[in-house]
$ cat start.tsv   # TSV, C-alpha atoms
chain	number	residue	atom	x	y	z
A	1	MET	CA	78.23	108.18	100.76
A	2	THR	CA	76.61	106.75	97.63
A	3	GLU	CA	72.95	107.48	97.00
A	4	GLN	CA	70.77	104.41	96.56
A	5	THR	CA	68.64	105.81	93.71
A	6	PRO	CA	70.43	105.40	90.37
A	7	LYS	CA	71.54	108.67	88.81
A	8	ILE	CA	70.70	109.28	85.16
A	9	VAL	CA	72.05	112.84	85.39
A	10	TYR	CA	74.99	113.78	87.61
A	11	ARG	CA	77.62	116.46	88.02
A	12	PHE	CA	81.39	116.20	88.08
A	13	GLY	CA	83.60	119.25	88.02
A	14	ASN	CA	82.01	121.96	85.91
A	15	ASN	CA	80.05	119.55	83.70
A	16	VAL	CA	76.76	117.69	83.76
A	17	TYR	CA	76.77	114.04	82.66
A	18	LEU	CA	74.10	111.79	81.16
A	19	ASN	CA	74.10	108.14	82.19
A	20	ILE	CA	71.87	106.60	79.51
A	21	THR	CA	73.04	102.97	79.54
A	22	ASN	CA	75.36	100.57	81.37
A	23	ARG	CA	75.82	98.40	78.26
A	24	CYS	CA	79.16	98.32	76.45
A	25	PRO	CA	80.79	95.81	74.05
A	26	ASN	CA	84.15	96.34	75.78
A	27	LEU	CA	85.40	95.30	79.20
A	28	CYS	CA	88.46	97.51	79.49
A	29	VAL	CA	91.17	96.50	81.95
A	30	PHE	CA	91.17	100.06	83.32
A	31	CYS	CA	87.38	100.50	83.56
A	32	ILE	CA	86.36	101.66	87.01
A	33	LYS	CA	82.70	100.66	86.91
A	34	THR	CA	83.42	97.22	88.37
A	35	LYS	CA	86.24	98.32	90.68
A	36	TRP	CA	84.11	101.14	92.03
A	37	LYS	CA	80.97	98.95	92.17
A	38	MET	CA	79.05	101.23	89.78
A	39	ASP	CA	79.70	104.23	92.04
A	40	PHE	CA	81.22	107.46	90.76
A	41	HIS	CA	82.15	109.94	93.46
A	42	GLY	CA	79.02	109.21	95.45
A	43	ASN	CA	76.74	108.81	92.44
A	44	ASN	CA	75.09	105.42	91.97
A	45	LEU	CA	75.25	104.83	88.19
A	46	ASN	CA	73.88	101.28	88.27
A	47	LEU	CA	70.75	101.35	86.13
A	48	SER	CA	70.13	97.64	86.81
A	49	GLY	CA	68.82	97.26	83.26
A	50	ASN	CA	66.24	100.04	83.68
A	51	GLU	CA	67.45	102.42	81.01
A	52	PRO	CA	65.80	105.86	81.13
A	53	SER	CA	63.62	107.14	78.31
A	54	ALA	CA	64.54	110.30	76.44
A	55	LEU	CA	61.80	112.20	78.22
A	56	GLU	CA	62.99	111.00	81.63
A	57	LEU	CA	66.50	112.13	80.77
A	58	LEU	CA	65.34	115.53	79.58
A	59	GLN	CA	63.23	116.17	82.67
A	60	ALA	CA	66.07	115.22	85.01
A	61	LEU	CA	68.54	117.19	82.91
A	62	GLU	CA	66.44	120.36	82.83
A	63	ASP	CA	66.00	120.19	86.60
A	64	GLU	CA	69.75	119.73	87.13
A	65	LEU	CA	70.82	122.49	84.74
A	66	LYS	CA	68.74	125.03	86.66
A	67	LYS	CA	70.66	124.38	89.87
A	68	ALA	CA	74.11	125.77	89.11
A	69	PRO	CA	76.38	126.93	86.25
A	70	PHE	CA	77.96	124.34	83.95
A	71	ASN	CA	80.24	124.26	80.90
A	72	GLU	CA	79.27	121.08	79.09
A	73	VAL	CA	76.56	118.46	78.93
A	74	VAL	CA	78.33	115.14	78.37
A	75	PHE	CA	76.99	111.78	77.24
A	76	CYS	CA	79.14	109.61	79.50
A	77	GLY	CA	77.99	107.19	82.16
A	78	TYR	CA	79.05	103.62	82.87
A	79	GLY	CA	78.23	102.41	79.36
A	80	GLU	CA	78.65	103.24	75.68
A	81	PRO	CA	76.14	105.98	74.74
A	82	THR	CA	75.85	104.91	71.09
A	83	MET	CA	74.28	101.66	72.29
A	84	ARG	CA	71.16	103.89	72.52
A	85	LEU	CA	71.72	106.01	69.46
A	86	GLU	CA	68.13	107.18	68.94
A	87	VAL	CA	67.81	108.33	72.55
A	88	LEU	CA	71.19	110.05	72.35
A	89	LEU	CA	70.21	111.90	69.18
A	90	TYR	CA	66.79	112.94	70.51
A	91	VAL	CA	68.20	114.31	73.76
A	92	ALA	CA	71.09	116.04	71.97
A	93	GLN	CA	68.68	117.60	69.44
A	94	THR	CA	66.65	119.01	72.32
A	95	LEU	CA	69.84	120.39	73.86
A	96	LYS	CA	70.64	122.05	70.54
A	97	GLY	CA	67.24	123.70	70.73
A	98	TRP	CA	67.99	124.92	74.23
A	99	GLN	CA	71.28	126.34	72.95
A	100	ALA	CA	69.49	128.17	70.14
A	101	GLN	CA	66.88	129.54	72.55
A	102	ALA	CA	69.59	130.63	75.03
A	103	LYS	CA	67.56	128.79	77.65
A	104	PHE	CA	70.76	128.42	79.65
A	105	PRO	CA	74.11	130.26	79.48
A	106	PRO	CA	76.27	129.05	76.55
A	107	PHE	CA	77.39	125.44	76.85
A	108	LYS	CA	78.83	122.64	74.72
A	109	ILE	CA	77.47	119.15	74.05
A	110	ARG	CA	80.07	116.40	74.23
A	111	LEU	CA	79.99	112.68	73.46
A	112	ASN	CA	82.48	110.32	75.10
A	113	THR	CA	82.54	107.13	73.04
A	114	ASN	CA	84.57	104.01	72.41
A	115	GLY	CA	84.32	104.66	68.66
A	116	LEU	CA	82.32	101.51	67.91
A	117	GLY	CA	79.01	103.23	67.23
A	118	ALA	CA	78.93	102.44	63.52
A	119	ARG	CA	79.56	98.75	64.22
A	120	ILE	CA	77.03	98.72	67.03
A	121	ASN	CA	74.31	100.30	64.89
A	122	HIS	CA	75.29	98.66	61.59
A	123	LYS	CA	75.37	102.00	59.77
A	124	PRO	CA	77.39	105.22	59.57
A	125	ILE	CA	76.49	107.59	62.41
A	126	VAL	CA	78.92	110.49	62.15
A	127	SER	CA	76.68	112.74	60.03
A	128	ASP	CA	73.79	112.29	62.48
A	129	LEU	CA	76.07	113.07	65.42
A	130	ARG	CA	77.53	116.11	63.69
A	131	ARG	CA	74.14	117.82	63.65
A	132	VAL	CA	73.72	117.68	67.43
A	133	ILE	CA	77.13	117.16	69.08
A	134	ASP	CA	79.83	119.81	69.46
A	135	ILE	CA	82.77	117.79	70.82
A	136	VAL	CA	83.61	114.10	70.42
A	137	ASN	CA	86.05	112.26	72.68
A	138	VAL	CA	87.02	108.91	71.15
A	139	SER	CA	88.64	106.44	73.55
A	140	VAL	CA	91.16	104.87	71.16
A	141	ASN	CA	93.37	103.65	74.03
A	142	ALA	CA	95.96	101.76	71.97
A	143	GLU	CA	98.33	102.26	69.08
A	144	ASN	CA	97.53	99.02	67.23
A	145	ALA	CA	94.93	96.28	67.02
A	146	ALA	CA	96.76	93.75	69.19
A	147	LYS	CA	97.30	96.19	72.04
A	148	TRP	CA	93.71	97.42	71.68
A	149	ARG	CA	92.31	93.90	72.05
A	150	GLU	CA	94.53	93.37	75.10
A	151	LEU	CA	93.42	96.56	76.81
A	152	VAL	CA	89.75	96.96	75.90
A	153	ARG	CA	88.86	93.24	75.80
A	154	PRO	CA	86.05	93.55	73.23
A	155	GLU	CA	83.25	91.06	72.77
A	156	ALA	CA	83.93	88.48	70.07
A	157	ALA	CA	81.90	90.35	67.46
A	158	TYR	CA	84.18	93.38	67.85
A	159	GLU	CA	87.61	91.77	68.09
A	160	ASP	CA	88.54	93.04	64.63
A	161	ALA	CA	87.16	96.54	65.18
A	162	TYR	CA	90.28	98.59	65.96
A	163	ASP	CA	90.43	99.97	62.43
A	164	ASP	CA	86.77	100.95	62.76
A	165	VAL	CA	87.63	103.00	65.84
A	166	VAL	CA	90.41	104.84	64.04
A	167	SER	CA	88.18	105.36	61.00
A	168	PHE	CA	85.45	106.77	63.24
A	169	LEU	CA	87.97	109.18	64.74
A	170	GLN	CA	89.07	110.34	61.30
A	171	ASP	CA	85.49	110.63	60.06
A	172	CYS	CA	84.68	112.88	63.01
A	173	VAL	CA	87.62	115.14	62.22
A	174	ASP	CA	86.60	115.27	58.55
A	175	ALA	CA	82.99	116.05	59.51
A	176	GLY	CA	84.07	119.27	61.21
A	177	PHE	CA	83.09	118.88	64.85
A	178	GLU	CA	84.28	121.79	66.98
A	179	LYS	CA	86.80	119.46	68.60
A	180	VAL	CA	87.72	115.80	68.23
A	181	ILE	CA	89.74	114.22	71.04
A	182	LEU	CA	91.77	111.02	70.85
A	183	SER	CA	91.95	109.76	74.42
A	184	CYS	CA	93.92	107.04	76.13
A	185	VAL	CA	94.75	106.04	79.67
A	186	GLU	CA	98.21	106.41	81.15
A	187	ASN	CA	100.19	103.52	82.66
A	188	THR	CA	98.31	100.79	80.78
A	189	GLY	CA	101.11	99.77	78.42
A	190	ALA	CA	99.78	101.80	75.51
A	191	ASP	CA	102.42	103.71	73.56
A	192	THR	CA	101.42	107.32	74.15
A	193	GLN	CA	104.09	108.60	71.74
A	194	ALA	CA	102.61	106.46	68.97
A	195	LEU	CA	99.15	107.71	69.89
A	196	ALA	CA	100.42	111.28	69.75
A	197	LYS	CA	101.54	110.58	66.19
A	198	LEU	CA	98.13	109.12	65.39
A	199	ALA	CA	96.49	112.24	66.77
A	200	GLU	CA	98.77	114.36	64.60
A	201	GLN	CA	98.01	112.25	61.52
A	202	THR	CA	94.26	112.44	62.05
A	203	LYS	CA	94.34	116.10	63.15
A	204	SER	CA	92.66	115.21	66.43
A	205	THR	CA	93.69	116.34	69.92
A	206	LEU	CA	95.46	113.86	72.18
A	207	TYR	CA	94.25	113.54	75.76
A	208	VAL	CA	96.04	111.16	78.14
A	209	ARG	CA	93.88	110.69	81.20
A	210	SER	CA	94.87	109.39	84.61
A	211	PHE	CA	94.62	105.73	85.47
A	212	LEU	CA	91.99	105.60	88.20
A	213	ASP	CA	91.98	103.02	90.96
A	214	GLU	CA	90.36	102.58	94.34
A	215	ASP	CA	92.70	105.13	95.90
A	216	ASN	CA	91.88	108.02	93.51

$ encode --input "start.tsv" --output "structure tokens"
Amino acid sequence: MTEQTPKIVYRFGNNVYLNITNRCPNLCVFCIKTKWKMDFHGNNLNLSGNEPSALELLQALEDELKKAPFNEVVFCGYGEPTMRLEVLLYVAQTLKGWQAQAKFPPFKIRLNTNGLGARINHKPIVSDLRRVIDIVNVSVNAENAAKWRELVRPEAAYEDAYDDVVSFLQDCVDAGFEKVILSCVENTGADTQALAKLAEQTKSTLYVRSFLDEDN
């Protein structure tokens, strides 16, 4: 049963997730936030436009991390985290401090992103992310621009942004994050073999995730 109060921090598997925005410039054909009515395994992720402050996130996060063991803290809700870059960086910097203080058992900080953060913020962001993020998962999702537009259905201002996504992926690899993941979704029509080659070329790690529907 879904809780009525929106969750800004939630657990799934062995990780803790931060839901900092519902905004995203893409409307992917495989996105589950509309199909699942903003629910994720019993967590209501519908912020209804009331995006949490950094301090609200940190308080909720600290309370949650005390409850049980975890492996990663992940910026990944039902929106694109880099839409709120300053909040993301502030929270991640605090997490880095907690890592340094050994406030909690060792953990990693991961960002799941559509790779459009530089376009969204009108400036390079990789160097800022590198200081506070350990792992980056870039949802590339397609092997070329035409297939990307078909699958992620970007807003008009981003229709030409496929190359920016690939460049962001490469910049993350070059910046030396602990791990950079190129992700895509199976059974969407994307050429996973071509994406495997792209991962090899960029020296990123390919991750093909399951296509989720109402029955999963």

$ residues_around --input "start.tsv" --residues "Glu159 of chain A" --least-positions-apart "5" --cutoff "12 Å" --atoms "all atoms listed in the file" --output "JSON, numbers by chain"
{"A": [25, 26, 27, 116, 119, 145, 146, 147, 148, 149, 150, 151, 152, 153, 154, 164, 165]}

$ write_last_selection --input "start.tsv" --atoms "C-alpha atoms" --output "PDB file, in the frame of the given file"
ATOM      1  CA  PRO A  25      80.790  95.810  74.050  1.00  0.00           C
ATOM      2  CA  ASN A  26      84.150  96.340  75.780  1.00  0.00           C
ATOM      3  CA  LEU A  27      85.400  95.300  79.200  1.00  0.00           C
ATOM      4  CA  LEU A 116      82.320 101.510  67.910  1.00  0.00           C
ATOM      5  CA  ARG A 119      79.560  98.750  64.220  1.00  0.00           C
ATOM      6  CA  ALA A 145      94.930  96.280  67.020  1.00  0.00           C
ATOM      7  CA  ALA A 146      96.760  93.750  69.190  1.00  0.00           C
ATOM      8  CA  LYS A 147      97.300  96.190  72.040  1.00  0.00           C
ATOM      9  CA  TRP A 148      93.710  97.420  71.680  1.00  0.00           C
ATOM     10  CA  ARG A 149      92.310  93.900  72.050  1.00  0.00           C
ATOM     11  CA  GLU A 150      94.530  93.370  75.100  1.00  0.00           C
ATOM     12  CA  LEU A 151      93.420  96.560  76.810  1.00  0.00           C
ATOM     13  CA  VAL A 152      89.750  96.960  75.900  1.00  0.00           C
ATOM     14  CA  ARG A 153      88.860  93.240  75.800  1.00  0.00           C
ATOM     15  CA  PRO A 154      86.050  93.550  73.230  1.00  0.00           C
ATOM     16  CA  ASP A 164      86.770 100.950  62.760  1.00  0.00           C
ATOM     17  CA  VAL A 165      87.630 103.000  65.840  1.00  0.00           C
TER      18      VAL A 165
END

$ atom_distance --input "start.tsv" --atom1 "atom CA of Asp174 of chain A" --atom2 "atom CA of Pro106 of chain A"
24.9 Å

$ closest_residue --input "start.tsv" --among "A:Ala161, A:Leu88, A:Ile181, A:Leu95" --to "Lys108 of chain A" --atoms "all atoms listed in the file"
A:Leu95

$ closest_residue --input "start.tsv" --among "A:Ala100, A:Ala92, A:Ile20, A:Ile135" --to "Gly79 of chain A" --atoms "all atoms listed in the file"
A:Ile20

$ closest_residue --input "start.tsv" --among "A:Val16, A:Cys31, A:Ala190, A:Leu206" --to "Asn144 of chain A" --atoms "only C-alpha atoms"
A:Ala190

$ residues_around --input "start.tsv" --residues "Ala60 of chain A" --least-positions-apart "3" --cutoff "8 Å" --atoms "all atoms listed in the file" --output "JSON list (two decimals) with C-alpha atoms, in the frame of the given file"
[["chain", "number", "residue", "atom", "x", "y", "z"],
["A", 8, "ILE", "CA", 70.70, 109.28, 85.16],
["A", 9, "VAL", "CA", 72.05, 112.84, 85.39],
["A", 56, "GLU", "CA", 62.99, 111.00, 81.63],
["A", 57, "LEU", "CA", 66.50, 112.13, 80.77],
["A", 63, "ASP", "CA", 66.00, 120.19, 86.60],
["A", 64, "GLU", "CA", 69.75, 119.73, 87.13]]
